[in-house]
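**Q** Mind looking over this structure? Questions follow.
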Amino acid sequence: MTAKNLNALAALAAILVIAYLVLDRSENNRPASDTLIPELKSQLNDVTSLGARNASGTVTIRRSDDAWVVVEREGYAADMAKLRDLLVSIADAKIIERKTNDPEKYHLIGVNDPSDENSESTELTISGDGFEYGIILGATAQTVYRYARIADAEQSVLIDQDPDVPGDAGDWLADALVDIDAERVQQVIISHADGEEFVIEKPTAETANYDIVDIPDGRELSYPSVANEIGAALAELTLDDVRPKPEGALEPGTTTTIRTFDGLQIVAMTYEHDNAIWISIVADAAEEAETEIQDEVTRVNTRLAAWQYAIPDHKANLLKRRLEDLLKTVE
């Protein structure tokens with residue numbers, strides 16, 4: 001046999017070996033099913049509970065009648081959009097590739113048990129009438145994928161989804177409180193526990209800036225629109241956390257009364273407790289207010305009156321401003 005023929009055979013052999021290795025790797029990594037949990041998509045409407053466990057603890061979202069609530073926050077309403085997006089993401093997840101089935105290597109891709117030391121994984125438990133699934137979500141891959149493992153299985157996989165799991169119970173809450181646009185607000189009264197009280201107001205909704213009523217002699221606003229932020233304090237107000245209103249009476253540090261041109265009144269009382277600022281919100285309406293405003297009062301009180309809320313610092317600071325904060329410094 002000539003040297004040329006030997007070289008050809010050697011090249012063919014090399015190709016066959018490479019082909020074998022590629023096929024073998026492909027076969028080993030080919031998923032048994034294209035979908036991570038094939039049955040879940042048809043069961044989404046029957047899900048009644050979602051548990052999320054990580055190193056910080058466990059959060060349980062449970063269906064209660066026609067609503068979803070956060071068990072660890074005394075049954076306060078859960079954010080339905082976050083819940084829906086997470087469940088759909090898991091139901092749609094398809095397996096891209098099989099990964100390690102060695103428990104000693106799980107930590108490399110973050111699919112070890114959340115109770116393990118230094119674990120950054122999250123275990124989801126999705127359950128309903130007659131079914132329950134456990135999924136451990138690990139590290140993100142390529143910014144859009146996620147390593148995962150069915151909780152009672154050894155095989156880990158890479159899925160084509162990166163489910164967004166809120167970090168703690170507070171992140172699961174439906175965070176919208178009230179949204180009172182500044183143009184609607186006619187007057188704000190801020191009363192402090194030490195007796196200081198001041199009023200800002202404007203004559204019409206079209207007036208650009210709020211004035212301070214009875215500004216002290218010889219003083220002036222630090223700039224014309226300085227009080228406008230207070231008028232916008234309840235615009236798109238959201239919560240950071242929630243707790244049931246304490247049974248014992250607490251003295252508020254500040255009582256802020258917001259009145260609108262159309263007869264709505266919101267009273268926000270602030271309390272400093274447990275290194276946080278909590279507020280309670282109660283709505284009322286002027287006697288001459290339209291039925292629409294009366295209905296708004298009912299909706300606000302039904303949702304909010306039994307609770308106290310931790311709110312973003314910048315909003316809390318607006319509700320407890322001091323008069324001196326709005327005036328030019330005396331030289």
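Chain labels follow the order of the structure tokens: the first chain is A, the next B, and so on; residue numbering restarts at 1 in every chain, and ligands are counted from 1 in their shown order.
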Check range 97-272 of chain A with DSSP on the backbone and list each residue it calls helix (DSSP H, G or I), as a list in words.

**A**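 Matching residues for helix (DSSP H, G or I) in range 97-272 of chain A are Pro103, Glu104, Lys105, Tyr106, His107, Leu108, Ile109, Ala169, Gly170, Asp171, Trp172, Ala182, Glu183, Arg184, Asn228, Glu229, Ile230 and Gly231 of chain A.
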
**Q** Could you write out, as a ChimeraX atom specification, all the residues of range 79-279 of chain A that DSSP marks as strand (DSSP E)?

**A** /A:95-98,122-128,131-141,145-150,156-159,176-178,185-192,197-201,211-212,237-238,241-244,254-260,264-273,276-279

**Q** If you take only C-alpha atoms and a cut-off of 10 Å, which residues of range 149-180 of chain A touch range 118-130 of chain A, and what are their nearest atom pairs and distances in Å to one decimal, in chain and number order, as a Markdown table?

**A**
| residue | atom | partner | partner_atom | distance |
| --- | --- | --- | --- | --- |
| A:Arg149 | CA | A:Glu123 | CA | 9.3 |
| A:Ile150 | CA | A:Glu123 | CA | 9.2 |
| A:Ala151 | CA | A:Glu123 | CA | 7.6 |
| A:Val165 | CA | A:Thr122 | CA | 8.2 |
| A:Gly167 | CA | A:Thr122 | CA | 9.4 |

**Q** Could the residues of range 122-208 of chain A that have an atom at most 12 Å from range 232-253 of chain A be listed as a Markdown table, each with its closest atom pair and the distance in Å to one decimal, counting only C-alpha atoms and ordered by chain and ascending residue number?

**A**
| residue | atom | partner | partner_atom | distance |
| --- | --- | --- | --- | --- |
| A:Asp168 | CA | A:Asp241 | CA | 10.3 |
| A:Ala169 | CA | A:Asp241 | CA | 8.4 |
| A:Gly170 | CA | A:Asp241 | CA | 5.1 |
| A:Asp171 | CA | A:Asp240 | CA | 7.6 |
| A:Trp172 | CA | A:Asp241 | CA | 9.6 |
| A:Leu173 | CA | A:Asp241 | CA | 7.6 |
| A:Ala174 | CA | A:Leu239 | CA | 8.3 |
| A:Asp175 | CA | A:Leu239 | CA | 5.0 |
| A:Ala176 | CA | A:Thr238 | CA | 4.7 |
| A:Leu177 | CA | A:Thr238 | CA | 5.3 |
| A:Val178 | CA | A:Leu237 | CA | 5.5 |
| A:Asp179 | CA | A:Glu236 | CA | 4.4 |
| A:Ile180 | CA | A:Ala235 | CA | 4.7 |
| A:Asp181 | CA | A:Ala235 | CA | 5.0 |
| A:Ala182 | CA | A:Ala232 | CA | 4.5 |
| A:Glu183 | CA | A:Ala232 | CA | 8.2 |
| A:Arg184 | CA | A:Ala232 | CA | 9.3 |
| A:Val185 | CA | A:Ala232 | CA | 7.9 |
| A:Gln186 | CA | A:Ala232 | CA | 10.9 |
| A:Gln187 | CA | A:Ala232 | CA | 11.1 |
| A:Val188 | CA | A:Ala233 | CA | 9.9 |
| A:Ile190 | CA | A:Gly253 | CA | 10.6 |
| A:Ser191 | CA | A:Gly253 | CA | 8.6 |
| A:His192 | CA | A:Gly253 | CA | 6.0 |
| A:Ala193 | CA | A:Gly253 | CA | 5.2 |
| A:Asp194 | CA | A:Gly253 | CA | 8.3 |
| A:Gly195 | CA | A:Gly253 | CA | 10.4 |
| A:Glu196 | CA | A:Gly253 | CA | 11.1 |

**Q** With only C-alpha atoms as the basis for distance, which of A:Glu72, A:Asp66, A:Glu201, A:Asn54 is at the shortest distance from Ile136 in chain A?

**A** A:Asn54

**Q** Neighbours of range 265-269 of chain A within 9 Å (only C-alpha atoms; same-chain residues fewer than 5 positions away dropped), as a ChimeraX atom specification?

**A** /A:252-260,278-286,297,319
